[in-house]
file entry_38.cif (mmCIF, C-alpha atoms and all ligand atoms)
data_run
#
loop_
_atom_site.label_atom_id
_atom_site.label_comp_id
_atom_site.auth_asym_id
_atom_site.auth_seq_id
_atom_site.Cartn_x
_atom_site.Cartn_y
_atom_site.Cartn_z
CA MET A 2 4.83 -17.51 128.67
CA SER A 3 3.04 -15.63 131.46
CA LEU A 4 4.55 -12.46 132.90
CA LYS A 5 5.16 -14.22 136.22
CA MET A 6 7.07 -17.04 134.51
CA LEU A 7 9.12 -14.57 132.50
CA ALA A 8 9.97 -12.26 135.40
CA PRO A 9 12.78 -14.28 137.06
CA ILE A 10 14.72 -14.29 133.76
CA HIS A 11 15.93 -10.70 134.20
CA THR A 12 18.83 -10.54 136.67
CA PRO A 13 19.79 -7.03 137.80
CA VAL A 14 23.32 -6.00 136.85
CA LEU A 15 26.00 -4.73 139.31
CA VAL A 16 23.50 -4.85 142.18
CA ASN A 17 25.91 -4.55 145.12
CA GLU A 18 27.89 -1.85 143.36
CA THR A 19 24.65 0.05 142.68
CA ILE A 20 23.48 -0.07 146.29
CA LYS A 21 26.90 1.10 147.46
CA ALA A 22 27.12 3.88 144.87
CA LEU A 23 23.59 5.08 145.73
CA ALA A 24 24.54 4.94 149.44
CA VAL A 25 21.08 3.51 150.14
CA GLN A 26 20.00 4.21 153.72
CA PRO A 27 16.93 3.38 155.81
CA GLY A 28 14.21 5.97 155.34
CA GLY A 29 15.76 7.22 152.09
CA ARG A 30 13.85 8.34 149.02
CA TYR A 31 14.94 6.95 145.63
CA ILE A 32 13.97 7.09 141.96
CA ASP A 33 14.53 4.16 139.62
CA CYS A 34 14.15 5.73 136.16
CA THR A 35 14.39 2.37 134.39
CA LEU A 36 12.28 0.07 136.53
CA GLY A 37 12.31 -2.92 134.13
CA ALA A 38 11.44 -6.10 136.02
CA GLY A 39 11.98 -4.30 139.33
CA GLY A 40 15.25 -6.11 140.17
CA HIS A 41 17.22 -3.10 141.33
CA ALA A 42 14.08 -1.52 142.79
CA ALA A 43 13.44 -4.52 145.08
CA VAL A 44 17.00 -4.36 146.46
CA ILE A 45 16.79 -0.58 146.95
CA LEU A 46 13.50 -0.99 148.84
CA ASP A 47 15.04 -3.75 150.98
CA HIS A 48 18.03 -1.61 151.93
CA SER A 49 15.99 1.56 152.53
CA SER A 50 13.58 -0.15 154.88
CA PRO A 51 12.19 0.87 157.31
CA GLY A 52 10.65 4.01 155.93
CA GLY A 53 12.21 4.01 152.46
CA GLN A 54 10.27 5.19 149.40
CA LEU A 55 10.77 4.46 145.73
CA LEU A 56 9.40 6.08 142.60
CA GLY A 57 9.79 3.66 139.69
CA ILE A 58 9.45 4.78 136.07
CA ASP A 59 9.36 2.76 132.85
CA ALA A 60 8.22 3.69 129.36
CA ASP A 61 7.10 0.12 128.73
CA PRO A 62 3.66 -0.73 130.19
CA GLU A 63 4.59 -4.45 130.21
CA ALA A 64 7.58 -3.68 132.46
CA ILE A 65 5.31 -1.84 134.89
CA LYS A 66 2.99 -4.88 135.11
CA ILE A 67 5.90 -7.21 135.83
CA ALA A 68 7.43 -4.84 138.39
CA GLU A 69 4.05 -4.40 140.11
CA GLU A 70 3.94 -8.16 140.70
CA ARG A 71 7.55 -8.33 141.82
CA LEU A 72 7.23 -5.39 144.20
CA GLU A 73 3.84 -6.38 145.61
CA ALA A 74 5.31 -6.77 149.09
CA TYR A 75 6.46 -3.13 149.02
CA SER A 76 3.26 -1.67 147.57
CA GLY A 77 2.97 0.86 150.43
CA SER A 78 6.46 2.24 149.72
CA ALA A 79 6.64 2.12 145.92
CA LEU A 80 4.95 4.31 143.34
CA LEU A 81 5.24 2.93 139.79
CA ILE A 82 4.67 5.21 136.81
CA ASN A 83 4.40 4.27 133.14
CA ASP A 84 6.14 7.17 131.40
CA ASN A 85 9.33 8.13 129.63
CA PHE A 86 12.15 9.34 131.88
CA THR A 87 12.50 12.38 129.67
CA ASN A 88 9.51 13.61 131.76
CA LEU A 89 11.31 12.92 135.05
CA GLN A 90 10.90 16.39 136.49
CA THR A 91 7.21 16.68 135.59
CA ILE A 92 6.53 13.30 137.20
CA CYS A 93 8.38 14.24 140.40
CA PHE A 94 6.61 17.60 140.63
CA LYS A 95 3.23 15.94 140.03
CA TYR A 96 3.75 13.42 142.85
CA ASP A 97 5.70 15.83 145.07
CA PHE A 98 8.61 13.37 145.05
CA PHE A 99 11.71 15.54 145.57
CA PRO A 100 14.35 16.16 146.78
CA VAL A 101 15.59 12.57 146.75
CA HIS A 102 18.57 10.66 148.15
CA GLY A 103 19.37 8.81 144.98
CA ILE A 104 18.47 8.36 141.30
CA LEU A 105 19.28 5.28 139.24
CA PHE A 106 19.37 4.79 135.47
CA ASP A 107 19.99 1.20 134.29
CA LEU A 108 19.79 1.97 130.59
CA GLY A 109 18.82 -0.08 127.56
CA LEU A 110 16.53 -3.07 127.44
CA SER A 111 15.64 -5.85 129.84
CA SER A 112 16.14 -9.48 128.84
CA LEU A 113 12.35 -9.78 128.83
CA GLN A 114 12.06 -7.15 126.08
CA LEU A 115 14.91 -8.70 124.08
CA GLU A 116 13.40 -12.19 124.32
CA ASP A 117 9.90 -11.05 123.32
CA ARG A 118 9.90 -11.68 119.56
CA GLY A 119 6.77 -9.55 119.13
CA ARG A 120 8.79 -6.43 120.06
CA GLY A 121 11.33 -6.85 117.25
CA PHE A 122 14.39 -5.86 119.34
CA SER A 123 16.44 -9.00 118.70
CA PHE A 124 18.10 -10.14 115.49
CA GLN A 125 17.96 -13.69 116.85
CA HIS A 126 14.18 -14.08 116.72
CA ASP A 127 11.82 -13.39 113.85
CA GLY A 128 9.27 -10.69 114.55
CA PRO A 129 7.84 -7.41 113.29
CA LEU A 130 10.39 -4.58 112.95
CA ASP A 131 8.87 -2.56 115.78
CA MET A 132 11.44 -1.71 118.54
CA ARG A 133 9.25 0.87 120.33
CA LEU A 134 9.55 0.90 124.13
CA SER A 135 5.94 2.06 124.36
CA PRO A 136 2.99 1.34 122.04
CA ASP A 137 2.13 5.07 122.35
CA GLN A 138 5.15 6.01 120.23
CA GLU A 139 4.32 6.63 116.58
CA VAL A 140 7.46 5.66 114.67
CA THR A 141 8.56 2.01 114.39
CA ALA A 142 11.83 0.60 113.04
CA ALA A 143 9.93 -0.55 109.91
CA ASP A 144 8.82 3.06 109.28
CA ILE A 145 12.47 4.18 109.32
CA ILE A 146 13.74 1.26 107.21
CA ASN A 147 11.04 1.70 104.57
CA THR A 148 10.87 5.50 104.29
CA TYR A 149 14.36 6.96 104.86
CA SER A 150 16.54 7.72 101.83
CA GLN A 151 19.75 5.76 101.29
CA VAL A 152 21.84 8.70 102.55
CA GLU A 153 19.66 9.11 105.65
CA LEU A 154 19.86 5.39 106.44
CA ALA A 155 23.64 5.34 106.05
CA GLN A 156 23.93 8.40 108.32
CA LEU A 157 21.70 6.85 110.99
CA ILE A 158 23.59 3.54 110.92
CA LYS A 159 26.86 5.44 111.24
CA THR A 160 25.78 7.83 114.00
CA TYR A 161 23.91 5.42 116.25
CA GLY A 162 25.57 2.12 115.27
CA GLU A 163 29.15 3.27 114.58
CA GLU A 164 28.99 0.76 111.68
CA GLY A 165 31.81 0.93 109.13
CA TYR A 166 29.78 -0.80 106.40
CA ARG A 167 26.90 1.68 106.60
CA ARG A 168 26.81 2.60 102.89
CA LYS A 169 26.69 -1.03 101.74
CA ILE A 170 23.98 -1.86 104.28
CA ALA A 171 21.89 1.19 103.31
CA GLN A 172 22.25 0.32 99.62
CA TYR A 173 21.00 -3.26 100.17
CA ILE A 174 18.12 -2.09 102.38
CA ILE A 175 16.90 0.20 99.58
CA LYS A 176 17.19 -2.70 97.10
CA GLN A 177 15.25 -5.16 99.29
CA ARG A 178 12.45 -2.83 100.49
CA PRO A 179 9.81 -3.26 101.79
CA ILE A 180 11.37 -4.98 104.80
CA GLU A 181 8.85 -5.78 107.54
CA THR A 182 10.50 -8.36 109.82
CA THR A 183 13.69 -8.69 111.84
CA LEU A 184 14.95 -11.76 109.96
CA GLN A 185 14.31 -10.08 106.58
CA LEU A 186 16.54 -7.25 107.78
CA VAL A 187 19.18 -9.68 109.13
CA LYS A 188 19.30 -11.46 105.72
CA THR A 189 19.63 -8.12 103.92
CA ILE A 190 22.56 -7.11 106.15
CA GLU A 191 24.23 -10.50 105.66
CA GLN A 192 23.87 -10.14 101.90
CA ALA A 193 25.44 -6.68 102.11
CA ILE A 194 28.42 -7.42 104.37
CA GLY A 195 28.65 -11.22 104.68
CA GLY A 196 28.02 -13.55 107.63
CA ARG A 197 29.36 -13.57 111.16
CA ARG A 198 32.91 -12.37 111.65
CA GLY A 199 34.38 -13.04 115.07
CA LYS A 200 32.09 -12.63 118.07
CA ILE A 201 29.88 -9.83 116.78
CA HIS A 202 26.83 -10.68 114.68
CA PRO A 203 26.79 -8.55 111.48
CA ALA A 204 23.35 -7.14 112.39
CA THR A 205 24.36 -5.97 115.91
CA LYS A 206 25.27 -2.39 115.05
CA THR A 207 22.39 -1.76 112.64
CA PHE A 208 19.87 -3.07 115.19
CA GLN A 209 21.43 -0.86 117.89
CA ALA A 210 21.19 2.16 115.57
CA LEU A 211 17.52 1.54 114.80
CA ARG A 212 16.58 1.04 118.44
CA ILE A 213 18.35 4.24 119.48
CA ALA A 214 16.65 6.21 116.70
CA VAL A 215 13.15 4.79 117.28
CA ASN A 216 13.30 5.63 121.01
CA GLN A 217 15.41 8.82 120.76
CA GLU A 218 17.53 7.22 123.44
CA LEU A 219 20.45 9.63 123.46
CA GLU A 220 18.34 12.80 123.47
CA HIS A 221 16.14 11.47 126.28
CA LEU A 222 19.17 10.48 128.34
CA LYS A 223 20.71 13.95 128.04
CA THR A 224 17.44 15.63 129.08
CA ALA A 225 16.84 13.29 132.00
CA LEU A 226 20.38 13.62 133.39
CA ARG A 227 19.99 17.40 133.59
CA GLN A 228 16.64 17.04 135.36
CA ALA A 229 18.00 14.39 137.74
CA VAL A 230 20.66 16.71 139.18
CA ASP A 231 17.97 19.28 140.02
CA LEU A 232 15.96 16.66 141.90
CA LEU A 233 18.78 15.41 144.11
CA GLY A 234 19.07 16.65 147.66
CA PHE A 235 22.40 17.76 149.09
CA ASN A 236 24.66 14.64 149.15
CA GLY A 237 22.16 12.78 146.93
CA ARG A 238 23.62 10.25 144.51
CA LEU A 239 23.23 9.85 140.75
CA VAL A 240 24.08 6.36 139.43
CA VAL A 241 24.02 5.37 135.76
CA ILE A 242 24.65 1.94 134.25
CA SER A 243 25.13 1.99 130.48
CA TYR A 244 25.71 -0.77 127.94
CA HIS A 245 27.25 0.87 124.89
CA SER A 246 29.86 3.51 124.23
CA LEU A 247 27.46 6.18 122.92
CA GLU A 248 25.49 6.20 126.18
CA ASP A 249 28.57 5.90 128.36
CA ARG A 250 30.20 8.85 126.58
CA ILE A 251 27.17 11.05 127.32
CA VAL A 252 27.15 10.03 131.00
CA LYS A 253 30.90 10.46 131.39
CA GLN A 254 30.95 13.90 129.74
CA PHE A 255 27.89 15.06 131.67
CA MET A 256 29.33 14.05 135.05
CA GLN A 257 32.74 15.51 134.22
CA GLN A 258 31.26 18.84 133.06
CA GLU A 259 29.02 19.09 136.12
CA SER A 260 31.92 18.34 138.45
CA ARG A 261 34.45 20.65 136.79
CA ALA A 262 32.32 23.74 136.28
CA ASP A 263 33.05 26.79 138.42
CA ASN A 264 29.65 26.35 139.97
CA ALA A 265 30.01 22.53 140.18
CA ARG A 266 26.87 20.63 141.18
CA LEU A 267 28.40 17.14 141.23
CA ARG A 268 31.41 15.37 142.72
CA LEU A 269 32.53 12.15 141.06
CA ILE A 270 32.26 9.13 143.36
CA ASN A 271 34.30 6.75 141.22
CA LYS A 272 36.89 8.37 138.97
CA LYS A 273 37.28 5.08 137.10
CA VAL A 274 34.23 3.40 135.63
CA ILE A 275 32.93 0.33 137.52
CA THR A 276 32.48 -2.88 135.51
CA PRO A 277 31.18 -6.33 136.50
CA SER A 278 33.48 -9.05 137.86
CA GLN A 279 34.29 -12.09 135.75
CA ALA A 280 32.08 -14.14 138.05
CA GLU A 281 29.09 -11.86 137.37
CA VAL A 282 29.67 -11.96 133.60
CA GLN A 283 29.78 -15.75 133.74
CA LEU A 284 26.53 -15.91 135.69
CA ASN A 285 24.85 -13.18 133.65
CA PRO A 286 26.44 -12.68 130.19
CA ARG A 287 24.14 -9.68 129.57
CA SER A 288 26.22 -7.77 132.15
CA ARG A 289 29.47 -8.01 130.14
CA SER A 290 29.26 -4.55 128.57
CA ALA A 291 27.88 -2.77 131.69
CA LYS A 292 29.61 0.38 132.92
CA LEU A 293 28.58 2.12 136.14
CA ARG A 294 29.29 5.77 136.86
CA ALA A 295 28.25 7.61 140.01
CA ALA A 296 28.33 11.15 141.32
CA GLU A 297 27.18 13.03 144.41
CA ARG A 298 25.18 16.26 144.44
CA ILE A 299 27.17 18.98 146.12
CA ILE A 300 26.05 22.42 147.08
CA THR A 301 27.12 25.00 144.48
CA LYS A 302 28.79 28.28 145.36
CA ASP A 303 25.63 30.15 144.32
CA GLU A 304 23.38 27.93 146.41
CA TYR A 305 25.77 28.25 149.33
CA PHE A 306 25.66 32.05 149.27
CA LYS A 307 21.91 32.26 148.59
CA THR A 308 21.19 29.87 151.43
CA THR A 309 23.56 31.72 153.72
CA GLU A 310 21.72 34.95 152.99
CA LYS A 311 18.34 33.29 153.48
CA LEU A 312 19.33 31.69 156.76
CA CYS A 313 20.88 34.88 158.07
CA PHE A 314 17.90 36.92 156.98
CA SER A 315 15.39 34.52 158.47
CA VAL A 316 16.89 34.77 161.94
CA GLY A 317 17.99 38.36 161.64
CA VAL A 318 21.66 37.67 162.22
CA GLU A 319 24.54 39.18 160.25
CA ALA A 320 26.50 36.77 158.10
CA GLY A 321 29.60 37.37 160.14
CA GLY A 322 27.79 36.32 163.27
CA TRP A 323 27.58 32.69 162.24
CA ARG A 324 30.13 30.23 163.32
CA ARG A 325 31.03 28.06 160.29
CA PRO A 326 30.14 24.61 161.72
CA VAL A 327 26.69 25.84 162.72
CA LEU A 328 26.10 27.36 159.31
CA LEU A 329 27.25 24.22 157.54
CA GLU A 330 24.92 22.10 159.62
CA ARG A 331 22.04 24.41 158.75
CA LEU A 332 22.95 24.29 155.08
CA ARG A 333 23.11 20.54 155.22
CA ARG A 334 19.64 20.40 156.70
CA ALA A 335 18.25 22.93 154.20
CA PHE A 336 19.45 20.80 151.29
CA SER A 337 19.09 17.33 152.73
CA ALA A 338 16.50 15.05 151.20
CA ALA A 339 15.11 13.86 154.50
C1 LIG B 401 18.01 -2.74 131.62
S1 LIG B 401 16.31 -2.57 131.88
C2 LIG B 401 16.20 -2.23 133.61
C3 LIG B 401 16.21 -3.45 134.46
C4 LIG B 401 15.99 -3.16 135.92
N1 LIG B 401 17.05 -2.35 136.47
C5 LIG B 401 15.85 -4.44 136.72
O1 LIG B 401 16.70 -4.70 137.58
O2 LIG B 401 14.90 -5.18 136.51
C6 LIG B 401 15.94 -1.01 131.20
C7 LIG B 401 14.50 -0.59 131.31
O3 LIG B 401 14.48 0.80 131.05
C8 LIG B 401 13.35 1.11 130.30
N2 LIG B 401 13.67 2.35 129.56
C9 LIG B 401 14.62 2.55 128.64
N3 LIG B 401 14.59 3.83 128.21
C10 LIG B 401 13.60 4.45 128.89
C11 LIG B 401 13.09 5.78 128.91
N4 LIG B 401 13.59 6.73 128.10
N5 LIG B 401 12.09 6.08 129.75
C12 LIG B 401 11.59 5.13 130.59
N6 LIG B 401 12.01 3.85 130.60
C13 LIG B 401 13.02 3.51 129.77
C14 LIG B 401 13.14 -0.09 129.39
O4 LIG B 401 11.79 -0.18 129.00
C15 LIG B 401 13.57 -1.24 130.30
O5 LIG B 401 12.47 -1.81 130.97
#
call {"tool": "encode", "arguments": {"input": "entry_38.cif", "output": "structure tokens", "more": "lines below"}}
Ligand SMILES: C[S@@+](CC[C@H](N)C(=O)[O-])C[C@H]1O[C@@H](n2cnc3c(N)ncnc32)[C@H](O)[C@@H]1O
result
Amino acid sequence: MSLKMLAPIHTPVLVNETIKALAVQPGGRYIDCTLGAGGHAAVILDHSSPGGQLLGIDADPEAIKIAEERLEAYSGSALLINDNFTNLQTICFKYDFFPVHGILFDLGLSSLQLEDRGRGFSFQHDGPLDMRLSPDQEVTAADIINTYSQVELAQLIKTYGEEGYRRKIAQYIIKQRPIETTLQLVKTIEQAIGGRRGKIHPATKTFQALRIAVNQELEHLKTALRQAVDLLGFNGRLVVISYHSLEDRIVKQFMQQESRADNARLRLINKKVITPSQAEVQLNPRSRSAKLRAAERIITKDEYFKTTEKLCFSVGVEAGGWRRPVLLERLRRAFSAA
């Protein structure tokens, strides 16, 4: 199937909620850290027109090609970069793209990646046990499956898959090695723990664990979240959509810590997590596990005092000489992304 034919298959999740949480405005500057097929990016560009700008990042070069086609109409306003979002800050410094009004992470995989049997992400199609987001990465899922010890495999399946049957699965993997394809691995897991029980396929958790390990997903998310806050302008929004509890826990804890600290840099927009409506889940079953969290960049006490000093110094006026509304307006302008 050509890229163009595949592209319409990926439907962006929680689109309206994302636009609202990002508070997208005409002329705004946004970063989509997980460009995918460009679904969210297209809507952000629509809502930020006229004058909006978008920096789109994806680790997968195939995703960049698809997004380039989809966003052709916005080519003057969108800069698309094939890189890992763990390098977010370096990318923004390189292209002088900061401060920004909003940053979006729509984590995980696109339907296009899941459906591409050559990538080895899905336990429903036979393919090589690869699972790398980018061909530049060295370690594949097959490398892990065929070289880790039984203890290491069990640990990985527990930590990243939260799988109760980890020891049994690890034991059978060692017995059946070498395992090179997705269906070989599925059969091994079924032999270890039996067939489908209830709604969840027995291979779901092990496949999740491998994908997270191959792409160092949790480490990269933690790094990128920290960088994202530094890139947001005053009142800028950080929006994260996650699809499993390990990611959501990281996002929730990060936003809570940043909003509770004495020198808080974030304010939570939605105290309760936002999930898709039943109607959306029916239309797009992939959205069923989605959780959206959003926060706003606020000025910290330190920044407030440093900026006050700078402003007062620059115009040679004593701090006490400023009337508060004027100062606040100046602070707002100093930190605003515009
Ligand atoms: C759920 S899809 C995004 C779909 C997109 N929002 C849309 O509407 O088309 C997630 C995308 O994030 C990318 N991705 C995941 N982890 C990444 C990382 N650490 N760095 C860069 N891209 C990443 C994947 O390659 C995938 O294309």
call {"tool": "residues_around", "arguments": {"input": "entry_38.cif", "residues": "A:Val14", "least_positions_apart": "4", "cutoff": "9 Å", "atoms": "all atoms listed in the file", "output": "list in words"}}
result
Glu18, Thr19, Gly40, His41, Asp107, Ile242, Pro277, Glu281, Asn285, Arg287, Ser288 and Ala291 of chain A
call {"tool": "write_last_selection", "arguments": {"input": "entry_38.cif", "atoms": "C-alpha atoms", "output": "PDB file, in the frame of the given file"}}
result
ATOM      1  CA  GLU A  18      27.890  -1.850 143.360  1.00  0.00           C
ATOM      2  CA  THR A  19      24.650   0.050 142.680  1.00  0.00           C
ATOM      3  CA  GLY A  40      15.250  -6.110 140.170  1.00  0.00           C
ATOM      4  CA  HIS A  41      17.220  -3.100 141.330  1.00  0.00           C
ATOM      5  CA  ASP A 107      19.990   1.200 134.290  1.00  0.00           C
ATOM      6  CA  ILE A 242      24.650   1.940 134.250  1.00  0.00           C
ATOM      7  CA  PRO A 277      31.180  -6.330 136.500  1.00  0.00           C
ATOM      8  CA  GLU A 281      29.090 -11.860 137.370  1.00  0.00           C
ATOM      9  CA  ASN A 285      24.850 -13.180 133.650  1.00  0.00           C
ATOM     10  CA  ARG A 287      24.140  -9.680 129.570  1.00  0.00           C
ATOM     11  CA  SER A 288      26.220  -7.770 132.150  1.00  0.00           C
ATOM     12  CA  ALA A 291      27.880  -2.770 131.690  1.00  0.00           C
TER      13      ALA A 291
END
call {"tool": "atom_distance", "arguments": {"input": "entry_38.cif", "atom1": "atom CA of A:Ile170", "atom2": "atom CA of A:Leu211"}}
result
12.8 Å
call {"tool": "closest_atom_pairs", "arguments": {"input": "entry_38.cif", "of": "chain A", "to": "ligand LIG 401 (chain B)", "cutoff": "6 Å", "atoms": "only C-alpha atoms and all ligand atoms", "output": "JSON lines"}}
result
{"residue": "A:Pro13", "atom": "CA", "partner": "B:LIG401", "partner_atom": "O1", "distance": 3.9}
{"residue": "A:Thr35", "atom": "CA", "partner": "B:LIG401", "partner_atom": "O3", "distance": 3.7}
{"residue": "A:Leu36", "atom": "CA", "partner": "B:LIG401", "partner_atom": "C4", "distance": 5.0}
{"residue": "A:Gly37", "atom": "CA", "partner": "B:LIG401", "partner_atom": "O5", "distance": 3.4}
{"residue": "A:Ala38", "atom": "CA", "partner": "B:LIG401", "partner_atom": "O2", "distance": 3.6}
{"residue": "A:Gly39", "atom": "CA", "partner": "B:LIG401", "partner_atom": "O2", "distance": 4.2}
{"residue": "A:Gly40", "atom": "CA", "partner": "B:LIG401", "partner_atom": "O1", "distance": 3.3}
{"residue": "A:His41", "atom": "CA", "partner": "B:LIG401", "partner_atom": "O1", "distance": 4.1}
{"residue": "A:Ile58", "atom": "CA", "partner": "B:LIG401", "partner_atom": "C12", "distance": 5.9}
{"residue": "A:Asp59", "atom": "CA", "partner": "B:LIG401", "partner_atom": "N6", "distance": 3.6}
{"residue": "A:Ala60", "atom": "CA", "partner": "B:LIG401", "partner_atom": "C12", "distance": 3.9}
{"residue": "A:Asp61", "atom": "CA", "partner": "B:LIG401", "partner_atom": "O4", "distance": 4.7}
{"residue": "A:Ala64", "atom": "CA", "partner": "B:LIG401", "partner_atom": "O5", "distance": 5.4}
{"residue": "A:Asp84", "atom": "CA", "partner": "B:LIG401", "partner_atom": "C12", "distance": 5.9}
{"residue": "A:Asn85", "atom": "CA", "partner": "B:LIG401", "partner_atom": "N5", "distance": 3.4}
{"residue": "A:Phe86", "atom": "CA", "partner": "B:LIG401", "partner_atom": "N5", "distance": 3.9}
{"residue": "A:Thr87", "atom": "CA", "partner": "B:LIG401", "partner_atom": "N4", "distance": 6.0}
{"residue": "A:Asp107", "atom": "CA", "partner": "B:LIG401", "partner_atom": "N1", "distance": 5.1}
{"residue": "A:Leu108", "atom": "CA", "partner": "B:LIG401", "partner_atom": "C6", "distance": 4.9}
{"residue": "A:Gly109", "atom": "CA", "partner": "B:LIG401", "partner_atom": "C6", "distance": 4.7}
{"residue": "A:Leu110", "atom": "CA", "partner": "B:LIG401", "partner_atom": "C6", "distance": 4.3}
{"residue": "A:Ser111", "atom": "CA", "partner": "B:LIG401", "partner_atom": "S1", "distance": 3.9}
{"residue": "A:Leu134", "atom": "CA", "partner": "B:LIG401", "partner_atom": "O4", "distance": 5.5}
{"residue": "A:His221", "atom": "CA", "partner": "B:LIG401", "partner_atom": "N4", "distance": 5.7}
call {"tool": "atom_distance", "arguments": {"input": "entry_38.cif", "atom1": "atom CA of A:Phe124", "atom2": "atom CA of A:Gln279"}}
result
26.0 Å
call {"tool": "closest_residue", "arguments": {"input": "entry_38.cif", "among": "A:Val16, A:Leu186, A:Leu23, A:Leu89", "to": "A:Thr224", "atoms": "only C-alpha atoms"}}
result
A:Leu89
call {"tool": "residues_near_point", "arguments": {"input": "entry_38.cif", "point": "(23.8, 14.6, 147.0)", "cutoff": "9 Å", "atoms": "only C-alpha atoms", "output": "PDB file with C-alpha atoms, in the frame of the given file"}}
result
ATOM      1  CA  VAL A 101      15.590  12.570 146.750  1.00  0.00           C
ATOM      2  CA  HIS A 102      18.570  10.660 148.150  1.00  0.00           C
ATOM      3  CA  GLY A 103      19.370   8.810 144.980  1.00  0.00           C
ATOM      4  CA  VAL A 230      20.660  16.710 139.180  1.00  0.00           C
ATOM      5  CA  LEU A 233      18.780  15.410 144.110  1.00  0.00           C
ATOM      6  CA  GLY A 234      19.070  16.650 147.660  1.00  0.00           C
ATOM      7  CA  PHE A 235      22.400  17.760 149.090  1.00  0.00           C
ATOM      8  CA  ASN A 236      24.660  14.640 149.150  1.00  0.00           C
ATOM      9  CA  GLY A 237      22.160  12.780 146.930  1.00  0.00           C
ATOM     10  CA  ARG A 238      23.620  10.250 144.510  1.00  0.00           C
ATOM     11  CA  LEU A 239      23.230   9.850 140.750  1.00  0.00           C
ATOM     12  CA  ARG A 266      26.870  20.630 141.180  1.00  0.00           C
ATOM     13  CA  LEU A 267      28.400  17.140 141.230  1.00  0.00           C
ATOM     14  CA  ARG A 268      31.410  15.370 142.720  1.00  0.00           C
ATOM     15  CA  ALA A 296      28.330  11.150 141.320  1.00  0.00           C
ATOM     16  CA  GLU A 297      27.180  13.030 144.410  1.00  0.00           C
ATOM     17  CA  ARG A 298      25.180  16.260 144.440  1.00  0.00           C
ATOM     18  CA  ILE A 299      27.170  18.980 146.120  1.00  0.00           C
ATOM     19  CA  ILE A 300      26.050  22.420 147.080  1.00  0.00           C
ATOM     20  CA  PHE A 336      19.450  20.800 151.290  1.00  0.00           C
ATOM     21  CA  SER A 337      19.090  17.330 152.730  1.00  0.00           C
ATOM     22  CA  ALA A 338      16.500  15.050 151.200  1.00  0.00           C
TER      23      ALA A 338
END
call {"tool": "atom_distance", "arguments": {"input": "entry_38.cif", "atom1": "atom CA of A:Ser76", "atom2": "atom CA of A:Leu232"}}
result
23.0 Å
call {"tool": "closest_residue", "arguments": {"input": "entry_38.cif", "among": "A:Glu63, A:Thr207, A:Ile201, A:Gln217", "to": "A:Gln138", "atoms": "all atoms listed in the file"}}
result
A:Gln217
call {"tool": "closest_residue", "arguments": {"input": "entry_38.cif", "among": "A:Lys307, A:Lys273, A:Arg118, A:Arg227", "to": "A:Phe255", "atoms": "all atoms listed in the file"}}
result
A:Arg227
call {"tool": "closest_atom_pairs", "arguments": {"input": "entry_38.cif", "of": "stretch 190-282 of chain A", "to": "stretch 143-152 of chain A", "cutoff": "12 Å", "atoms": "only C-alpha atoms", "output": "Markdown table"}}
result
| residue | atom | partner | partner_atom | distance |
| --- | --- | --- | --- | --- |
| A:Thr207 | CA | A:Ile146 | CA | 10.7 |
| A:Phe208 | CA | A:Ile146 | CA | 11.0 |
| A:Ala210 | CA | A:Ile145 | CA | 10.9 |
| A:Leu211 | CA | A:Ile145 | CA | 7.9 |
| A:Arg212 | CA | A:Ile145 | CA | 10.5 |
| A:Ile213 | CA | A:Ile145 | CA | 11.7 |
| A:Ala214 | CA | A:Ile145 | CA | 8.7 |
| A:Val215 | CA | A:Ile145 | CA | 8.0 |
| A:Asn216 | CA | A:Ile145 | CA | 11.8 |
call {"tool": "closest_residue", "arguments": {"input": "entry_38.cif", "among": "A:Leu154, A:Val240, A:Val140, A:Met256", "to": "A:Ile275", "atoms": "only C-alpha atoms"}}
result
A:Val240
